[in-house]
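K.L.:
Here's a structure for you.
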Amino acid sequence: MTSEEEKKPNFVAGFLARDLADGAMALGHVDGEDVVLARSGDEFFAVGANCTHYHGTLSQGLVVGETLRCPLHHACFSLRTGEALRAPTFDPIPRWRVERVEDKVFVREKLAGAGRKSLTASAAGQRVPSSVVIVGGGAAGLAAADMLRREGYDGPLTMISADDWPPYDRPNLSKDYLEGKAPDEWMQLRLPDFYREQNIDLVLNSRVSVLDIQRKSVQLEGGQTYGYEALLLATGAEPVRLQIEGANDAQVHYLRTFADARAIVAKAASAMRAVIVGASFIGLEVAASLRTLGLAVDVVARDKQPLERVMGKDVGLMIRGLHEAHGVVFHLGETVRKIEGPTVTLTSGATLEADFVVLGVAVRPAVTLAEQAGLAVDRGVVVNEYLETSVLGVFAAGDIARWPDPHSGEKIRVEHWVVAERQGQVAAKNILGYRERFDAIPFFWSQHYDLAINYVGHAERWDSVEIDGDLKARNCAVSYKRGGRTLAVATISRDLRSLEAESLMESGKL
Ligand SMILES: Cc1cc2nc3c(=O)[nH]c(=O)nc-3n(C[C@H](O)[C@H](O)[C@H](O)COP(=O)(O)OP(=O)(O)OC[C@H]3O[C@@H](n4cnc5c(N)ncnc54)[C@H](O)[C@@H]3O)c2cc1C
Ligand code: FES
């Protein structure tokens with residue numbers, strides 16, 4: 001046992017109840033396993049100490065009612081059942097029986113997992129669809145398929161994906177994967193056994209080209225059709241392709257899919273210099289990963305400061321400084337005019353040398369199917385609070401969905417991993433008739449070198465920015481406000497504050 005472990009209380013021997021206030025947690029151990037003891041009101045719960053997403057330290061998270069939130073990417077677990085109630089993880093944490101004897105709380109034996117729910121006992125009395133088709137094998141699609149099975153739906157379930165890989169960790173493409181720190185096999189969100197065991201018909205390499213609302217069917221480019229009673233559209237977004245004079249396909253890369261990432265990794269292996277066009281989150285994450293690999297990196301962007309539109313001038317300046325300190329050279333307020341061999345010419349006439357170029361300017365929602373089928377589309381597929389489109393029985397989730405966000409009071413569409421997964425989960429429940437509103441607070445994170453930014457809420461426009469802490473020291477919370485109301489909070493090195501802001505927004509107190 002290490003000296004750290006020796007300091008942790010052994011919960012088997014009992015823990016004084018009065019030492020744990022309502023909403024507080026203690027980290028200890030039981031039979032060699034790290035365990036969190038948490039208090040909610042007068043009840044005590046003992047659960048595993050590590051998040052099942054990327055091993056976040058749950059004792060540094062937040063207890064909200066009977067839930068425990070992970071500090072890293074805000075996964076939400078039930079303290080009572082251990083279930084992963086909200087993405088980004090789908091897997092439960094272990095739990096133990098807790099017994100209170102006088103002034104002490106004792107952690108007893110480990111309990112069995114909660115198991116699959118019974119649909120007949122839980123669905124809202126509505127007829128369960130005879131078949132479900134999900135178009136899209138990304139964040140929203142997989143989360144929906146997983147939730148349908150978890151909730152006990154055992155009818156035919158087909159997930160059709162244009163991608164040639166089973167659902168994978170897309171955010172990692174620009175981070176650890178690009179840096180060579182995550183091997184291919186880590187990237188899959190679920191191993192092949194999962195689809196077999198859950199009886200999910202995963203149809204890869206197949207693009208749906210027609211959605212026939214009358215016949216309730218979708219048709220693949222190859223002609224095969226699939227009938228459905230309930231449908232989820234989760235087709236995500238596609239990079240905006242730029243026509244650049246002289247650019248040839250082999251030299252210009254986009255980053256959306258695993259195949260895109262593999263192509264960049266292969267190029268980077270023998271390259272010396274890269275030019276990134278666009279100072280978006282993805283563009284900058286690619287810049288950071290390529291610098292870490294030792295390539296010289298130039299970033300060309302129309303913006304005055306990177307990320308200024310999303311995070312404001314001060315944070316933009318800080319991020320720029322961080323990248324410059326790592327050797328990235330910015331060319332702001334301009335774009336690429338032409339590419340001739342290794343020479344990239346900018347609109348100012350300046351030239352850069354590059355072995356390859358990554359275009360990360362913007363993405364647009366993949367709404368063609370929905371448009372052709374006559375669903376309401378307005379810069380995204382329009383859905384109601386239950387994530388149902390203008391056609392009954394057809395739901396949409398993820399990057400394509402524009403939903404009524406109760407917090408901002410606006411209809412918004414975002415491109416965040418956790419939002420896509422959570423929407424997939426809520427859409428799945430509504431396919432089963434639960435009528436659950438999607439009211440989660442939008443959340444995203446971004447990683448640049450060793451700096452992680454967490455962002456909760458949604459602010460497209462704001463009239464004041466308040467910085468609590470020290471932006472230069474990279475330890476702060478930045479609040480974006482309009483009319484005195486906080487719309488969003490970005491944090492750096494303050495994960496707990498991010499969780500607190502999320503919880504306050506949920507309860508309407510912020
Ligand atoms: C490199 C990169 C890094 C990112 N990093 C972060 C991050 O750090 N944090 C964050 O919050 N977000 C991040 N994002 C954004 C996040 O990945 C997206 O918001 C999320 O993937 C959206 O999920 P989705 O299910 O809507 O779409 P996707 O995950 O894109 O899945 C869409 C699926 O639909 C399929 N499809 C599309 N059209 C059809 C069709 N006609 N027929 C069949 N299948 C079709 C596609 O093949 C794909 O399988 C990142 C994105 C990228 C590309
Ligand atoms: S590590 Fe817990 S949510 Fe990612």
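Labels used: A, B, ... for chains in the order of the structure tokens, numbers from 1 for residues in each chain, and numbers from 1 for ligands as shown.
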Which residues come within 9 Å of Val64 of chain A, counting only C-alpha atoms, excluding same-chain residues fewer than 6 positions away, as a list in words?
P.N.:
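So, after excluding close chain neighbours, the residues are Gly23, Ser40 and Ser503 of chain A.
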K.L.:
Using N, CA and C atoms, can you write the selected residues to a file as a CSV table (one decimal), in the first residue's frame?
P.N.:
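Printed below is part_29.csv as written:
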```
chain,number,residue,atom,x,y,z
A,23,GLY,N,-24.3,16.8,0.6
A,23,GLY,CA,-23.7,17.1,-0.7
A,23,GLY,C,-22.1,16.9,-0.7
A,40,SER,N,-26.3,12.6,0.4
A,40,SER,CA,-27.4,13.4,-0.2
A,40,SER,C,-28.5,13.4,0.8
A,503,SER,N,-24.8,23.2,-12.7
A,503,SER,CA,-25.9,22.8,-11.8
A,503,SER,C,-26.8,24.0,-11.5
```
K.L.:
Where in segment 17-123 of chain A does DSSP assign alpha helix (DSSP H), given as a VMD selection string?
P.N.:
chain A and resid 119 to 122
K.L.:
Would you work out the distance separating atom CA of Val36 of chain A from atom CA of Leu20 of chain A, expressed in Å to one decimal?
P.N.:
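Taking atom CA of Val36 of chain A and atom CA of Leu20 of chain A, their separation equals 11.6 Å.
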K.L.:
Find the residues near Asn199 of chain A: any atom within 12 Å, counting only C-alpha atoms, skip ones fewer than 2 places away on the same chain, and give them as a ChimeraX atom specification.
P.N.:
/A:145-146,148-149,153-159,192-197,201-202
K.L.:
Can you write just those residues out, N, CA and C atoms, as a compact mmCIF listing (two decimals), in the first residue's frame?
P.N.:
```txt
# COMPACT_ATOMS: atom_id res chain seq x y z
N ALA A 145 -28.83 4.28 -29.62
CA ALA A 145 -28.93 2.81 -29.69
C ALA A 145 -28.70 2.20 -28.31
N ASP A 146 -27.67 2.70 -27.63
CA ASP A 146 -27.35 2.19 -26.30
C ASP A 146 -28.52 2.41 -25.34
N LEU A 148 -31.72 2.89 -26.05
CA LEU A 148 -32.90 2.07 -26.41
C LEU A 148 -32.79 0.69 -25.79
N ARG A 149 -31.61 0.10 -25.89
CA ARG A 149 -31.42 -1.24 -25.31
C ARG A 149 -31.42 -1.18 -23.79
N TYR A 153 -35.78 -1.83 -24.73
CA TYR A 153 -36.37 -2.04 -26.07
C TYR A 153 -35.68 -3.23 -26.73
N ASP A 154 -36.45 -4.23 -27.11
CA ASP A 154 -35.78 -5.40 -27.71
C ASP A 154 -36.26 -5.69 -29.13
N GLY A 155 -36.90 -4.69 -29.75
CA GLY A 155 -37.32 -4.87 -31.14
C GLY A 155 -36.16 -4.65 -32.10
N PRO A 156 -36.41 -4.80 -33.41
CA PRO A 156 -35.36 -4.61 -34.40
C PRO A 156 -34.77 -3.19 -34.32
N LEU A 157 -33.45 -3.14 -34.32
CA LEU A 157 -32.76 -1.84 -34.18
C LEU A 157 -31.61 -1.81 -35.18
N THR A 158 -31.72 -0.90 -36.15
CA THR A 158 -30.69 -0.81 -37.21
C THR A 158 -30.02 0.54 -37.13
N MET A 159 -28.69 0.54 -37.18
CA MET A 159 -27.95 1.80 -37.20
C MET A 159 -27.16 1.83 -38.51
N PRO A 192 -16.80 -4.66 -31.13
CA PRO A 192 -17.76 -5.34 -32.00
C PRO A 192 -18.74 -6.23 -31.24
N ASP A 193 -18.29 -6.84 -30.14
CA ASP A 193 -19.18 -7.72 -29.34
C ASP A 193 -20.44 -7.00 -28.88
N PHE A 194 -20.27 -5.72 -28.58
CA PHE A 194 -21.41 -4.94 -28.06
C PHE A 194 -22.58 -4.99 -29.04
N TYR A 195 -22.30 -4.77 -30.33
CA TYR A 195 -23.39 -4.71 -31.32
C TYR A 195 -24.04 -6.09 -31.46
N ARG A 196 -23.17 -7.12 -31.38
CA ARG A 196 -23.70 -8.49 -31.47
C ARG A 196 -24.58 -8.79 -30.27
N GLU A 197 -24.00 -8.54 -29.08
CA GLU A 197 -24.74 -8.89 -27.85
C GLU A 197 -26.03 -8.09 -27.71
N ASP A 201 -28.16 -4.02 -35.42
CA ASP A 201 -27.72 -4.28 -36.78
C ASP A 201 -26.95 -3.04 -37.26
N LEU A 202 -25.63 -3.11 -37.19
CA LEU A 202 -24.79 -1.97 -37.55
C LEU A 202 -24.41 -2.09 -39.03
```
K.L.:
Could you jot down the atom 51 (C, counted along the ligand's line) of ligand 1 to atom CA of Pro171 of chain A separation for me, Å, one decimal place?
P.N.:
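These atoms are spaced 5.0 Å apart.
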K.L.:
Could you give me the residues within 7 Å of ligand 1, counting only C-alpha atoms and all ligand atoms, as JSON, numbers by chain?
P.N.:
{"A": [135, 136, 137, 138, 139, 140, 141, 160, 161, 162, 163, 167, 170, 171, 172, 173, 174, 206, 207, 208, 209, 234, 235, 236, 237, 255, 256, 257, 282, 366, 369, 397, 398, 399, 400, 415, 416, 417, 418, 420, 421, 443, 444, 445, 446, 447]}
K.L.:
Could you list, as number ranges by chain, all the residues within 7 Å of ligand 2, counting only C-alpha atoms and all ligand atoms?
P.N.:
A: 51-56, 70-75, 88-89
K.L.:
I'd like the neighbourhood of Gly227 of chain A as number ranges by chain, where a residue qualifies if any of its atoms comes within 9 Å (using only C-alpha atoms), though same-chain residues fewer than 6 positions away should be ignored.
P.N.:
A: 131-133, 215-219
K.L.:
Could you jot down the atom CA of Thr292 of chain A to atom CA of Tyr449 of chain A separation for me, Å, one decimal place?
P.N.:
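Atom CA of Tyr449 of chain A lies 7.8 Å from atom CA of Thr292 of chain A.
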K.L.:
My list of candidates is A:Ala396, A:Asn248, A:Val363, A:His331. Which is closest to Gly349 of chain A when distances are computed with only C-alpha atoms?
P.N.:
A:His331
K.L.:
For Pro365 of chain A, which residue out of A:Ile213, A:Val297, A:Glu238, A:Lys175 is the nearest one, using only C-alpha atoms?
P.N.:
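Closest to Pro365 of chain A of all the choices is A:Glu238.
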K.L.:
Under the rule that only C-alpha atoms are counted, which of A:Leu232, A:Leu178, A:Val98, A:Ala376 is the nearest residue to Leu290 of chain A?
P.N.:
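Smallest separation from Leu290 of chain A among the options: A:Leu178.
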